[in-house]
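Undergrad: File target_8.txt follows (compact mmCIF, C-alpha atoms (C1' of nucleotides)):
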# COMPACT_ATOMS: atom_id res chain seq x y z
CA MET A 1 -24.48 18.21 -9.80
CA ASN A 2 -23.28 20.64 -7.12
CA THR A 3 -23.00 18.47 -4.05
CA SER A 4 -21.13 21.12 -2.06
CA PHE A 5 -24.11 22.38 -0.13
CA ALA A 6 -25.15 18.88 0.91
CA VAL A 7 -21.61 17.85 1.81
CA ALA A 8 -21.04 21.04 3.79
CA THR A 9 -24.26 20.45 5.68
CA HIS A 10 -23.13 16.94 6.56
CA ILE A 11 -19.83 18.33 7.76
CA VAL A 12 -21.60 20.73 10.09
CA THR A 13 -23.99 18.10 11.42
CA TYR A 14 -21.02 15.80 11.99
CA LEU A 15 -19.33 18.49 14.04
CA ALA A 16 -22.55 19.03 15.95
CA PHE A 17 -22.55 15.35 16.88
CA ALA A 18 -18.87 15.58 17.81
CA ARG A 19 -19.83 18.05 20.55
CA GLY A 20 -16.71 20.04 21.24
CA SER A 21 -14.02 17.53 20.42
CA ALA A 22 -12.09 18.55 17.32
CA ALA A 23 -12.70 16.36 14.27
CA SER A 24 -9.99 15.94 11.64
CA SER A 25 -10.65 16.25 7.93
CA GLU A 26 -9.59 12.61 7.63
CA GLN A 27 -12.27 11.45 10.04
CA ILE A 28 -14.96 13.53 8.40
CA ALA A 29 -13.90 12.49 4.90
CA GLU A 30 -14.18 8.85 5.86
CA HIS A 31 -17.63 9.46 7.24
CA LEU A 32 -18.75 11.26 4.08
CA GLN A 33 -16.89 8.92 1.75
CA THR A 34 -14.90 11.62 0.13
CA ASN A 35 -11.40 13.07 0.19
CA PRO A 36 -9.85 14.96 3.14
CA VAL A 37 -8.89 17.84 0.85
CA VAL A 38 -12.47 18.21 -0.32
CA VAL A 39 -13.49 18.47 3.31
CA ARG A 40 -10.75 20.97 4.09
CA ARG A 41 -11.76 23.13 1.13
CA LEU A 42 -15.36 23.33 2.25
CA MET A 43 -14.22 23.73 5.85
CA SER A 44 -12.25 26.82 4.85
CA LEU A 45 -15.41 28.38 3.45
CA LEU A 46 -17.30 27.52 6.62
CA ARG A 47 -14.49 29.01 8.69
CA ASP A 48 -14.42 32.20 6.61
CA ALA A 49 -18.14 32.53 7.29
CA GLY A 50 -17.53 32.14 11.00
CA LEU A 51 -19.46 28.88 11.37
CA VAL A 52 -16.56 26.70 12.49
CA LYS A 53 -13.17 27.12 14.07
CA THR A 54 -10.17 25.17 12.92
CA LYS A 55 -7.03 24.27 14.83
CA LEU A 56 -3.70 23.73 13.13
CA GLY A 57 -1.13 21.15 14.15
CA ALA A 58 -1.25 17.79 15.86
CA ARG A 59 -4.61 17.03 17.53
CA GLY A 60 -5.98 19.83 15.38
CA GLY A 61 -9.23 19.73 13.48
CA ALA A 62 -12.53 21.57 13.41
CA LEU A 63 -15.19 22.57 15.91
CA LEU A 64 -18.45 24.42 15.60
CA ALA A 65 -17.96 28.10 16.31
CA ARG A 66 -21.38 28.35 17.92
CA CYS A 67 -24.30 26.33 19.14
CA PRO A 68 -26.15 24.21 16.49
CA THR A 69 -29.34 26.08 17.33
CA LYS A 70 -27.61 29.24 16.09
CA ILE A 71 -26.50 27.84 12.74
CA SER A 72 -29.07 27.79 9.96
CA LEU A 73 -29.00 26.09 6.59
CA ARG A 74 -29.00 29.59 5.16
CA ASP A 75 -25.71 30.30 6.94
CA ILE A 76 -24.26 27.18 5.33
CA TYR A 77 -25.79 27.93 1.94
CA GLU A 78 -24.34 31.43 1.87
CA ALA A 79 -20.97 30.24 3.13
CA ILE A 80 -20.74 27.78 0.26
CA GLU A 81 -22.56 29.39 -2.65
CA GLY A 82 -21.67 32.98 -1.97
CA ASP A 83 -24.14 35.80 -1.96
CA ASP A 84 -25.29 35.53 -5.53
CA ALA A 85 -25.28 31.96 -6.76
CA ASP A 86 -26.64 32.89 -10.19
CA LEU A 87 -28.45 29.60 -10.36
CA PHE A 88 -29.93 30.36 -13.77
CA ALA A 89 -27.56 32.63 -15.65
CA LEU A 90 -26.82 33.17 -19.32
CA SER A 91 -23.36 32.74 -20.75
CA ALA A 92 -21.17 35.84 -20.79
CA ALA A 93 -21.09 35.77 -24.59
CA GLN A 94 -24.88 35.78 -24.80
CA LYS A 95 -25.17 38.61 -22.31
CA GLU A 96 -22.75 40.76 -24.22
CA GLY A 97 -23.86 40.45 -27.80
CA CYS A 98 -27.60 40.68 -27.33
CA ASN A 99 -29.91 43.38 -28.56
CA ARG A 100 -31.79 45.90 -26.44
CA ILE A 101 -35.00 43.91 -26.08
CA MET A 102 -33.27 40.74 -25.08
CA ALA A 103 -31.09 42.66 -22.64
CA SER A 104 -34.22 44.05 -20.99
CA VAL A 105 -35.82 40.65 -20.77
CA GLN A 106 -32.60 39.31 -19.29
CA ALA A 107 -32.49 42.06 -16.67
CA THR A 108 -36.06 41.34 -15.69
CA LEU A 109 -35.37 37.64 -15.54
CA GLU A 110 -32.33 38.14 -13.32
CA ASP A 111 -34.43 40.23 -11.00
CA ILE A 112 -37.03 37.52 -10.68
CA CYS A 113 -34.42 34.80 -10.22
CA ALA A 114 -32.74 36.81 -7.48
CA SER A 115 -36.02 37.14 -5.68
CA ALA A 116 -36.75 33.43 -6.17
CA GLU A 117 -33.37 32.57 -4.69
CA GLU A 118 -33.91 34.92 -1.77
CA THR A 119 -37.21 33.16 -1.08
CA MET A 120 -35.46 29.83 -1.14
CA LYS A 121 -32.82 31.12 1.24
CA ARG A 122 -35.52 32.25 3.63
CA VAL A 123 -36.72 28.65 3.81
CA PHE A 124 -33.18 27.59 4.63
CA GLY A 125 -32.99 30.38 7.18
CA LYS A 126 -35.85 28.85 9.15
CA VAL A 127 -34.05 25.56 9.71
CA SER A 128 -31.22 25.20 12.23
CA VAL A 129 -28.65 22.45 12.33
CA ALA A 130 -30.07 21.49 15.72
CA GLN A 131 -33.48 21.00 14.14
CA ILE A 132 -32.06 18.79 11.43
CA ILE A 133 -30.45 16.56 14.02
CA GLU A 134 -33.62 16.51 16.05
CA ARG A 135 -35.79 15.61 13.07
CA SER A 136 -33.29 13.03 11.89
CA SER A 137 -32.76 11.20 15.15
CA SER A 138 -36.47 10.91 15.73
CA PHE A 139 -36.83 8.82 12.57
CA PRO A 140 -38.01 5.26 13.16
CA LYS A 141 -35.26 2.67 13.05
CA MET B 1 -23.74 26.95 -15.27
CA ASN B 2 -27.13 25.72 -16.37
CA THR B 3 -28.24 28.34 -18.85
CA SER B 4 -31.16 26.23 -20.09
CA PHE B 5 -33.83 27.95 -18.06
CA ALA B 6 -32.72 31.41 -19.14
CA VAL B 7 -32.36 30.39 -22.79
CA ALA B 8 -35.75 28.69 -22.78
CA THR B 9 -37.31 31.80 -21.30
CA HIS B 10 -35.79 33.92 -24.04
CA ILE B 11 -37.14 31.50 -26.63
CA VAL B 12 -40.64 31.87 -25.25
CA THR B 13 -40.45 35.66 -25.05
CA TYR B 14 -39.16 35.71 -28.60
CA LEU B 15 -42.17 33.71 -29.72
CA ALA B 16 -44.41 36.05 -27.80
CA PHE B 17 -42.98 38.97 -29.75
CA ALA B 18 -43.37 37.03 -32.99
CA ARG B 19 -47.13 37.05 -32.40
CA GLY B 20 -48.46 34.09 -34.33
CA SER B 21 -45.96 33.87 -37.16
CA ALA B 22 -43.86 30.74 -36.90
CA ALA B 23 -40.21 31.31 -35.99
CA SER B 24 -37.53 28.89 -37.14
CA SER B 25 -34.84 27.53 -34.86
CA GLU B 26 -32.32 29.27 -37.09
CA GLN B 27 -33.90 32.69 -36.51
CA ILE B 28 -34.16 32.15 -32.79
CA ALA B 29 -30.63 30.78 -32.52
CA GLU B 30 -29.28 33.84 -34.24
CA HIS B 31 -31.18 36.07 -31.86
CA LEU B 32 -29.88 34.17 -28.82
CA GLN B 33 -26.40 33.69 -30.22
CA THR B 34 -26.45 29.96 -29.96
CA ASN B 35 -26.90 26.91 -32.15
CA PRO B 36 -30.17 25.93 -33.89
CA VAL B 37 -29.94 22.43 -32.46
CA VAL B 38 -29.70 23.82 -28.95
CA VAL B 39 -32.87 25.77 -29.65
CA ARG B 40 -34.63 22.73 -31.10
CA ARG B 41 -33.71 20.63 -28.10
CA LEU B 42 -35.17 23.10 -25.65
CA MET B 43 -38.11 23.64 -27.98
CA SER B 44 -38.90 19.94 -27.82
CA LEU B 45 -39.13 20.15 -24.04
CA LEU B 46 -41.38 23.20 -24.30
CA ARG B 47 -43.54 21.37 -26.82
CA ASP B 48 -43.78 18.27 -24.63
CA ALA B 49 -44.96 20.55 -21.84
CA GLY B 50 -47.62 22.01 -24.12
CA LEU B 51 -46.23 25.53 -24.11
CA VAL B 52 -45.44 25.78 -27.82
CA LYS B 53 -46.50 24.13 -31.04
CA THR B 54 -44.03 23.19 -33.72
CA LYS B 55 -44.59 22.76 -37.45
CA LEU B 56 -42.46 20.46 -39.59
CA GLY B 57 -41.35 21.17 -43.13
CA ALA B 58 -40.75 24.24 -45.21
CA ARG B 59 -42.05 27.44 -43.58
CA GLY B 60 -42.24 25.42 -40.39
CA GLY B 61 -41.13 26.63 -36.98
CA ALA B 62 -42.60 27.28 -33.57
CA LEU B 63 -45.53 29.23 -32.14
CA LEU B 64 -46.80 29.77 -28.63
CA ALA B 65 -49.49 27.25 -27.82
CA ARG B 66 -51.35 29.78 -25.69
CA CYS B 67 -51.50 33.41 -24.74
CA PRO B 68 -48.41 34.86 -23.00
CA THR B 69 -50.60 35.82 -20.05
CA LYS B 70 -51.25 32.11 -19.55
CA ILE B 71 -47.62 30.99 -19.55
CA SER B 72 -45.71 31.39 -16.31
CA LEU B 73 -42.00 31.11 -15.59
CA ARG B 74 -42.94 28.11 -13.49
CA ASP B 75 -44.34 26.41 -16.59
CA ILE B 76 -41.04 27.02 -18.34
CA TYR B 77 -38.98 25.99 -15.32
CA GLU B 78 -40.81 22.71 -14.97
CA ALA B 79 -40.68 22.05 -18.70
CA ILE B 80 -36.90 22.40 -18.65
CA GLU B 81 -35.78 21.16 -15.25
CA GLY B 82 -38.33 18.43 -14.75
CA ASP B 83 -40.34 17.97 -11.61
CA ASP B 84 -37.46 17.33 -9.24
CA ALA B 85 -34.37 19.25 -10.20
CA ASP B 86 -32.37 18.00 -7.20
CA LEU B 87 -30.51 21.26 -7.10
CA PHE B 88 -28.42 20.19 -4.12
CA ALA B 89 -27.99 16.42 -4.23
CA LEU B 90 -25.28 14.09 -2.97
CA SER B 91 -23.45 11.72 -5.28
CA ALA B 92 -25.00 8.28 -5.70
CA ALA B 93 -21.95 6.66 -4.12
CA GLN B 94 -22.26 8.82 -1.03
CA LYS B 95 -25.95 8.11 -0.70
CA GLU B 96 -25.41 4.40 -0.88
CA GLY B 97 -22.53 3.74 1.45
CA CYS B 98 -23.49 6.02 4.32
CA ASN B 99 -24.44 5.04 7.83
CA ARG B 100 -27.86 5.32 9.44
CA ILE B 101 -27.36 8.73 11.01
CA MET B 102 -26.05 10.32 7.85
CA ALA B 103 -28.85 8.73 5.86
CA SER B 104 -31.39 10.32 8.19
CA VAL B 105 -29.75 13.70 7.95
CA GLN B 106 -29.72 13.33 4.18
CA ALA B 107 -33.42 12.45 4.09
CA THR B 108 -34.22 15.49 6.20
CA LEU B 109 -32.06 17.69 4.04
CA GLU B 110 -33.73 16.45 0.86
CA ASP B 111 -37.07 17.24 2.38
CA ILE B 112 -36.06 20.78 3.18
CA CYS B 113 -34.48 21.29 -0.24
CA ALA B 114 -37.63 20.05 -1.93
CA SER B 115 -39.69 22.54 0.01
CA ALA B 116 -37.19 25.32 -0.74
CA GLU B 117 -37.42 24.52 -4.44
CA GLU B 118 -41.20 24.44 -4.30
CA THR B 119 -41.14 27.91 -2.72
CA MET B 120 -38.90 29.14 -5.49
CA LYS B 121 -41.22 27.68 -8.10
CA ARG B 122 -44.13 29.49 -6.51
CA VAL B 123 -42.29 32.76 -7.15
CA PHE B 124 -41.87 31.74 -10.77
CA GLY B 125 -45.52 30.77 -10.87
CA LYS B 126 -46.53 34.34 -10.11
CA VAL B 127 -44.83 35.77 -13.16
CA SER B 128 -46.23 35.39 -16.67
CA VAL B 129 -44.35 35.81 -19.91
CA ALA B 130 -46.67 38.71 -20.68
CA GLN B 131 -45.55 40.43 -17.48
CA ILE B 132 -41.91 39.97 -18.34
CA ILE B 133 -42.45 41.63 -21.67
CA GLU B 134 -44.42 44.41 -20.07
CA ARG B 135 -41.79 45.05 -17.42
CA SER B 136 -39.02 44.85 -19.98
CA SER B 137 -40.46 47.15 -22.61
CA SER B 138 -41.22 49.81 -20.01
CA PHE B 139 -37.53 50.12 -19.23
CA PRO B 140 -36.04 53.52 -20.02
CA LYS B 141 -34.08 53.64 -23.22
C1' DC C 1 12.48 16.84 17.65
C1' DT C 2 8.81 14.14 15.83
C1' DA C 3 4.26 13.24 14.55
C1' DA C 4 -0.07 14.88 13.20
C1' DA C 5 -2.84 18.16 11.31
C1' DT C 6 -4.39 22.25 8.47
C1' DG C 7 -4.07 25.31 4.23
C1' DT C 8 -3.43 25.65 -0.40
C1' DA C 9 -1.56 25.16 -4.96
C1' DA C 10 -1.30 22.41 -8.89
C1' DC C 11 -2.76 18.79 -11.40
C1' DT C 12 -5.81 14.80 -13.02
C1' DA C 13 -10.08 12.66 -13.71
C1' DA C 14 -14.90 12.55 -14.05
C1' DT C 15 -19.14 14.57 -15.06
C1' DT C 16 -22.13 17.81 -17.11
C1' DT C 17 -23.32 21.11 -20.36
C1' DT C 18 -23.05 23.20 -24.74
C1' DG C 19 -22.10 23.17 -29.50
C1' DT C 20 -21.71 20.67 -34.02
C1' DT C 21 -22.41 17.47 -37.82
C1' DA C 22 -25.35 14.57 -40.12
C1' DC C 23 -29.40 12.89 -41.85
C1' DA C 24 -34.21 10.95 -42.05
C1' DA C 25 -38.92 12.58 -42.15
C1' DA C 26 -42.28 16.06 -43.05
C1' DT C 27 -44.21 19.87 -45.44
C1' DT C 28 -44.62 23.78 -48.61
C1' DT C 29 -44.32 25.58 -53.01
C1' DA C 30 -43.16 25.88 -57.68
C1' DT D 1 -43.69 15.39 -58.53
C1' DA D 2 -39.31 17.47 -57.54
C1' DA D 3 -36.79 20.81 -54.95
C1' DA D 4 -36.19 23.47 -50.98
C1' DT D 5 -36.87 24.16 -46.22
C1' DT D 6 -37.41 22.89 -41.65
C1' DT D 7 -38.08 19.91 -37.58
C1' DG D 8 -36.45 15.89 -34.68
C1' DT D 9 -32.95 13.32 -33.00
C1' DA D 10 -28.78 10.65 -32.70
C1' DA D 11 -24.01 10.71 -32.30
C1' DC D 12 -20.07 12.96 -31.50
C1' DA D 13 -16.74 16.95 -30.07
C1' DA D 14 -15.51 20.66 -27.26
C1' DA D 15 -15.80 23.40 -23.27
C1' DA D 16 -16.69 24.15 -18.63
C1' DT D 17 -17.45 22.70 -14.10
C1' DT D 18 -16.84 19.78 -10.21
C1' DA D 19 -14.61 16.30 -7.55
C1' DG D 20 -10.59 13.86 -6.32
C1' DT D 21 -5.50 13.48 -5.74
C1' DT D 22 -0.68 14.55 -4.83
C1' DA D 23 2.50 17.36 -2.73
C1' DC D 24 4.33 20.21 0.53
C1' DA D 25 5.01 24.30 3.61
C1' DT D 26 3.37 25.62 8.09
C1' DT D 27 1.66 25.00 12.68
C1' DT D 28 1.12 22.79 17.02
C1' DA D 29 1.01 19.03 20.71
C1' DG D 30 3.59 16.10 23.16
Once you've parsed the file, please lay out its structure as structure tokens.

TA:
Amino acid sequence: MNTSFAVATHIVTYLAFARGSAASSEQIAEHLQTNPVVVRRLMSLLRDAGLVKTKLGARGGALLARCPTKISLRDIYEAIEGDDADLFALSAAQKEGCNRIMASVQATLEDICASAEETMKRVFGKVSVAQIIERSSSFPK
Amino acid sequence: MNTSFAVATHIVTYLAFARGSAASSEQIAEHLQTNPVVVRRLMSLLRDAGLVKTKLGARGGALLARCPTKISLRDIYEAIEGDDADLFALSAAQKEGCNRIMASVQATLEDICASAEETMKRVFGKVSVAQIIERSSSFPK
DNA sequence: CTAAATGTAACTAATTTTGTTACAAATTTA
DNA sequence: TAAATTTGTAACAAAATTAGTTACATTTAG
């Protein structure tokens, strides 16, 4: 199902709401109804991408590394999925044993998929975490 | 890994090469190095979407239902993935038990993901099976 | 020093995807 | 009409992926 991107986005929006006070993985996990280790795993990816800062030890936890207006969904997507998500791949076995024609078709297909994914990422790139919060809190109760 | 889209695309290009003579699931499966039932399952989806025609019985098999110039990768994508692939969903449990703020963020996120997917599909919509074959066969040997 | 927290490895469980077996129904062809 | 071939689909098995859990070393605040 691949819920990582959605969960990671919720982590970041949670931190945006937290506004500077460090949130623990326990807190966040409770909020997202998941496990603290799941949160810490995703948090590590977000940290490696420079989106959050984490603090070890008592009263530790995570903070946004920069303003929510400067964090896009694309930043989160790339932090989680890596640079080439290969959304629509073939199995390794199929790639190996195939004939010349099929290999060409596959190469073409991968090209097109890469450009489709890039287009999708551009959509994500246009949306900041701040905008998500804005859009969300202006919903009618 | 979700190889269905890629496999389905190879099925369709195979049929395009076959040019009017019915191909059996056995033939195609051998070509794609997979199982005939896997091919038949995807074929059923392609048939339901009106992209191919299938013939029961001896000397049966599958044919393209229309010219390769009139079949786009978007047609194949939608045949296989359905109209809403929910590429980046949350688990049902998480969706249910979450508070108002998180629910709003989730709704916003789903919106954005839907539009990202639509953008991706538009890229697929611009490429026909005929073009894939053209691009592929013009590769250097 | 103690308590609280991250970071990560290792494992288990759940889910999803792929492959397989089996067989009824349809169709061609001899 | 009988035999052979092929789809369509259900039911099951195996493999792969994803999510959740346990455990614990390390770090830091107080």

Undergrad: Sorted by chain and rising residue number, which residues of chain B lie within 7 Å of chain A, and what are their closest atom pairs and distances in Å to one decimal, counting only C-alpha atoms, as JSON lines?

TA:
{"residue": "B:Met1", "atom": "CA", "partner": "A:Ala89", "partner_atom": "CA", "distance": 6.9}
{"residue": "B:Asn2", "atom": "CA", "partner": "A:Phe88", "partner_atom": "CA", "distance": 6.0}
{"residue": "B:Thr3", "atom": "CA", "partner": "A:Leu90", "partner_atom": "CA", "distance": 5.1}
{"residue": "B:Phe5", "atom": "CA", "partner": "A:Phe88", "partner_atom": "CA", "distance": 6.3}
{"residue": "B:Ala6", "atom": "CA", "partner": "A:Phe88", "partner_atom": "CA", "distance": 6.1}
{"residue": "B:Leu32", "atom": "CA", "partner": "A:Gln94", "partner_atom": "CA", "distance": 6.6}
{"residue": "B:Gln33", "atom": "CA", "partner": "A:Gln94", "partner_atom": "CA", "distance": 6.0}
{"residue": "B:Phe88", "atom": "CA", "partner": "A:Thr3", "partner_atom": "CA", "distance": 5.7}
{"residue": "B:Ala89", "atom": "CA", "partner": "A:Thr3", "partner_atom": "CA", "distance": 5.4}
{"residue": "B:Leu90", "atom": "CA", "partner": "A:Thr3", "partner_atom": "CA", "distance": 5.1}
{"residue": "B:Ser91", "atom": "CA", "partner": "A:Thr3", "partner_atom": "CA", "distance": 6.9}
{"residue": "B:Gln94", "atom": "CA", "partner": "A:Gln33", "partner_atom": "CA", "distance": 6.0}
{"residue": "B:Ser104", "atom": "CA", "partner": "A:Ser136", "partner_atom": "CA", "distance": 5.0}
{"residue": "B:Val105", "atom": "CA", "partner": "A:Ser136", "partner_atom": "CA", "distance": 5.3}
{"residue": "B:Thr108", "atom": "CA", "partner": "A:Ser136", "partner_atom": "CA", "distance": 6.3}
{"residue": "B:Ala116", "atom": "CA", "partner": "A:Met120", "partner_atom": "CA", "distance": 4.8}
{"residue": "B:Glu117", "atom": "CA", "partner": "A:Met120", "partner_atom": "CA", "distance": 6.6}
{"residue": "B:Thr119", "atom": "CA", "partner": "A:Met120", "partner_atom": "CA", "distance": 6.2}
{"residue": "B:Met120", "atom": "CA", "partner": "A:Ala116", "partner_atom": "CA", "distance": 4.8}
{"residue": "B:Val123", "atom": "CA", "partner": "A:Ala116", "partner_atom": "CA", "distance": 5.7}
{"residue": "B:Ile132", "atom": "CA", "partner": "A:Thr108", "partner_atom": "CA", "distance": 6.6}
{"residue": "B:Ile133", "atom": "CA", "partner": "A:Val105", "partner_atom": "CA", "distance": 6.8}
{"residue": "B:Ser136", "atom": "CA", "partner": "A:Ser104", "partner_atom": "CA", "distance": 5.0}

Undergrad: Please, could you write that set of residues out with C-alpha atoms as an mmCIF file, in the frame of the given file?

TA:
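Result file again.cif:
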data_model
loop_
_atom_site.group_PDB
_atom_site.id
_atom_site.type_symbol
_atom_site.label_atom_id
_atom_site.label_comp_id
_atom_site.auth_asym_id
_atom_site.auth_seq_id
_atom_site.Cartn_x
_atom_site.Cartn_y
_atom_site.Cartn_z
ATOM 1 C CA MET B 1 -23.740 26.950 -15.270
ATOM 2 C CA ASN B 2 -27.130 25.720 -16.370
ATOM 3 C CA THR B 3 -28.240 28.340 -18.850
ATOM 4 C CA PHE B 5 -33.830 27.950 -18.060
ATOM 5 C CA ALA B 6 -32.720 31.410 -19.140
ATOM 6 C CA LEU B 32 -29.880 34.170 -28.820
ATOM 7 C CA GLN B 33 -26.400 33.690 -30.220
ATOM 8 C CA PHE B 88 -28.420 20.190 -4.120
ATOM 9 C CA ALA B 89 -27.990 16.420 -4.230
ATOM 10 C CA LEU B 90 -25.280 14.090 -2.970
ATOM 11 C CA SER B 91 -23.450 11.720 -5.280
ATOM 12 C CA GLN B 94 -22.260 8.820 -1.030
ATOM 13 C CA SER B 104 -31.390 10.320 8.190
ATOM 14 C CA VAL B 105 -29.750 13.700 7.950
ATOM 15 C CA THR B 108 -34.220 15.490 6.200
ATOM 16 C CA ALA B 116 -37.190 25.320 -0.740
ATOM 17 C CA GLU B 117 -37.420 24.520 -4.440
ATOM 18 C CA THR B 119 -41.140 27.910 -2.720
ATOM 19 C CA MET B 120 -38.900 29.140 -5.490
ATOM 20 C CA VAL B 123 -42.290 32.760 -7.150
ATOM 21 C CA ILE B 132 -41.910 39.970 -18.340
ATOM 22 C CA ILE B 133 -42.450 41.630 -21.670
ATOM 23 C CA SER B 136 -39.020 44.850 -19.980
#

Undergrad: Residues proximal to (-37.7, 21.1, -39.4) were defined as those with any atom within 8 Å of that point in the file's coordinates, counting all atoms listed in the file. Which are they, as number ranges by chain?

TA: B: 55-58, 60-61; C: 26; D: 5-8

Undergrad: Rounded to one decimal in Å, what is the spacing between CA of Thr54 (chain A) and CA of Ala18 (chain A)?

TA: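 Atom-to-atom, CA of Thr54 (chain A) to CA of Ala18 (chain A), that is 13.8 Å.
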
Undergrad: Residues at most 12 Å from Val12 (chain A), counting all atoms listed in the file, excluding those fewer than 3 positions away in the same chain, as a PDB file with C-alpha atoms, in the frame of the given file?

TA:
ATOM      1  CA  PHE A   5     -24.110  22.380  -0.130  1.00  0.00           C
ATOM      2  CA  ALA A   6     -25.150  18.880   0.910  1.00  0.00           C
ATOM      3  CA  VAL A   7     -21.610  17.850   1.810  1.00  0.00           C
ATOM      4  CA  ALA A   8     -21.040  21.040   3.790  1.00  0.00           C
ATOM      5  CA  THR A   9     -24.260  20.450   5.680  1.00  0.00           C
ATOM      6  CA  LEU A  15     -19.330  18.490  14.040  1.00  0.00           C
ATOM      7  CA  ALA A  16     -22.550  19.030  15.950  1.00  0.00           C
ATOM      8  CA  PHE A  17     -22.550  15.350  16.880  1.00  0.00           C
ATOM      9  CA  ALA A  18     -18.870  15.580  17.810  1.00  0.00           C
ATOM     10  CA  ARG A  19     -19.830  18.050  20.550  1.00  0.00           C
ATOM     11  CA  ALA A  23     -12.700  16.360  14.270  1.00  0.00           C
ATOM     12  CA  ILE A  28     -14.960  13.530   8.400  1.00  0.00           C
ATOM     13  CA  LEU A  32     -18.750  11.260   4.080  1.00  0.00           C
ATOM     14  CA  VAL A  39     -13.490  18.470   3.310  1.00  0.00           C
ATOM     15  CA  LEU A  42     -15.360  23.330   2.250  1.00  0.00           C
ATOM     16  CA  MET A  43     -14.220  23.730   5.850  1.00  0.00           C
ATOM     17  CA  LEU A  45     -15.410  28.380   3.450  1.00  0.00           C
ATOM     18  CA  LEU A  46     -17.300  27.520   6.620  1.00  0.00           C
ATOM     19  CA  ARG A  47     -14.490  29.010   8.690  1.00  0.00           C
ATOM     20  CA  LEU A  51     -19.460  28.880  11.370  1.00  0.00           C
ATOM     21  CA  VAL A  52     -16.560  26.700  12.490  1.00  0.00           C
ATOM     22  CA  LYS A  53     -13.170  27.120  14.070  1.00  0.00           C
ATOM     23  CA  ALA A  62     -12.530  21.570  13.410  1.00  0.00           C
ATOM     24  CA  LEU A  63     -15.190  22.570  15.910  1.00  0.00           C
ATOM     25  CA  LEU A  64     -18.450  24.420  15.600  1.00  0.00           C
ATOM     26  CA  ALA A  65     -17.960  28.100  16.310  1.00  0.00           C
ATOM     27  CA  ARG A  66     -21.380  28.350  17.920  1.00  0.00           C
ATOM     28  CA  CYS A  67     -24.300  26.330  19.140  1.00  0.00           C
ATOM     29  CA  PRO A  68     -26.150  24.210  16.490  1.00  0.00           C
ATOM     30  CA  THR A  69     -29.340  26.080  17.330  1.00  0.00           C
ATOM     31  CA  ILE A  71     -26.500  27.840  12.740  1.00  0.00           C
ATOM     32  CA  SER A  72     -29.070  27.790   9.960  1.00  0.00           C
ATOM     33  CA  LEU A  73     -29.000  26.090   6.590  1.00  0.00           C
ATOM     34  CA  ASP A  75     -25.710  30.300   6.940  1.00  0.00           C
ATOM     35  CA  ILE A  76     -24.260  27.180   5.330  1.00  0.00           C
ATOM     36  CA  TYR A  77     -25.790  27.930   1.940  1.00  0.00           C
ATOM     37  CA  ALA A  79     -20.970  30.240   3.130  1.00  0.00           C
ATOM     38  CA  SER A 128     -31.220  25.200  12.230  1.00  0.00           C
ATOM     39  CA  VAL A 129     -28.650  22.450  12.330  1.00  0.00           C
ATOM     40  CA  ALA A 130     -30.070  21.490  15.720  1.00  0.00           C
ATOM     41  CA  ILE A 132     -32.060  18.790  11.430  1.00  0.00           C
ATOM     42  CA  ILE A 133     -30.450  16.560  14.020  1.00  0.00           C
TER      43      ILE A 133
ATOM     44  CA  MET B 102     -26.050  10.320   7.850  1.00  0.00           C
ATOM     45  CA  VAL B 105     -29.750  13.700   7.950  1.00  0.00           C
TER      46      VAL B 105
END

Undergrad: For chain C, list the residues within 9 Å of chain A, counting all atoms listed in the file, and write the list as a ChimeraX atom specification.

TA: /C:3-8,15-16

Undergrad: Using only C-alpha atoms (C1' of nucleotides), which chain D residues lie at most 7 Å away from chain A, written as a PyMOL selection string?

TA: chain D and resi 20+27-29

Undergrad: Grab the C1' of DT20 (chain C) to C1' of DA16 (chain D) distance for me, in Å with one decimal place.

TA: 16.6 Å

Undergrad: Enter the distance from C1' of DT18 (chain D) to CA of Ala49 (chain A), in Å, rounded to one decimal.

TA: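 Taking C1' of DT18 (chain D) and CA of Ala49 (chain A), their separation equals 21.7 Å.
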
Undergrad: So, with only C-alpha atoms (C1' of nucleotides) as the atoms that count, which of C:DA30, C:DA9, C:DA22, C:DA14 lies closest to DC24 (chain D)?

TA: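 Residue with the minimum atom-to-atom distance to DC24 (chain D): C:DA9.
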
Undergrad: Take every atom of region 73-86 of chain A listed in the file, pad by 8 Å on each side, and give me the axis-aligned box centre and edge lengths in Å, one decimal, as lines of an AutoDock Vina configuration file.

TA:
center_x = -24.9
center_y = 30.9
center_z = -1.6
size_x = 24.3
size_y = 25.7
size_z = 33.1
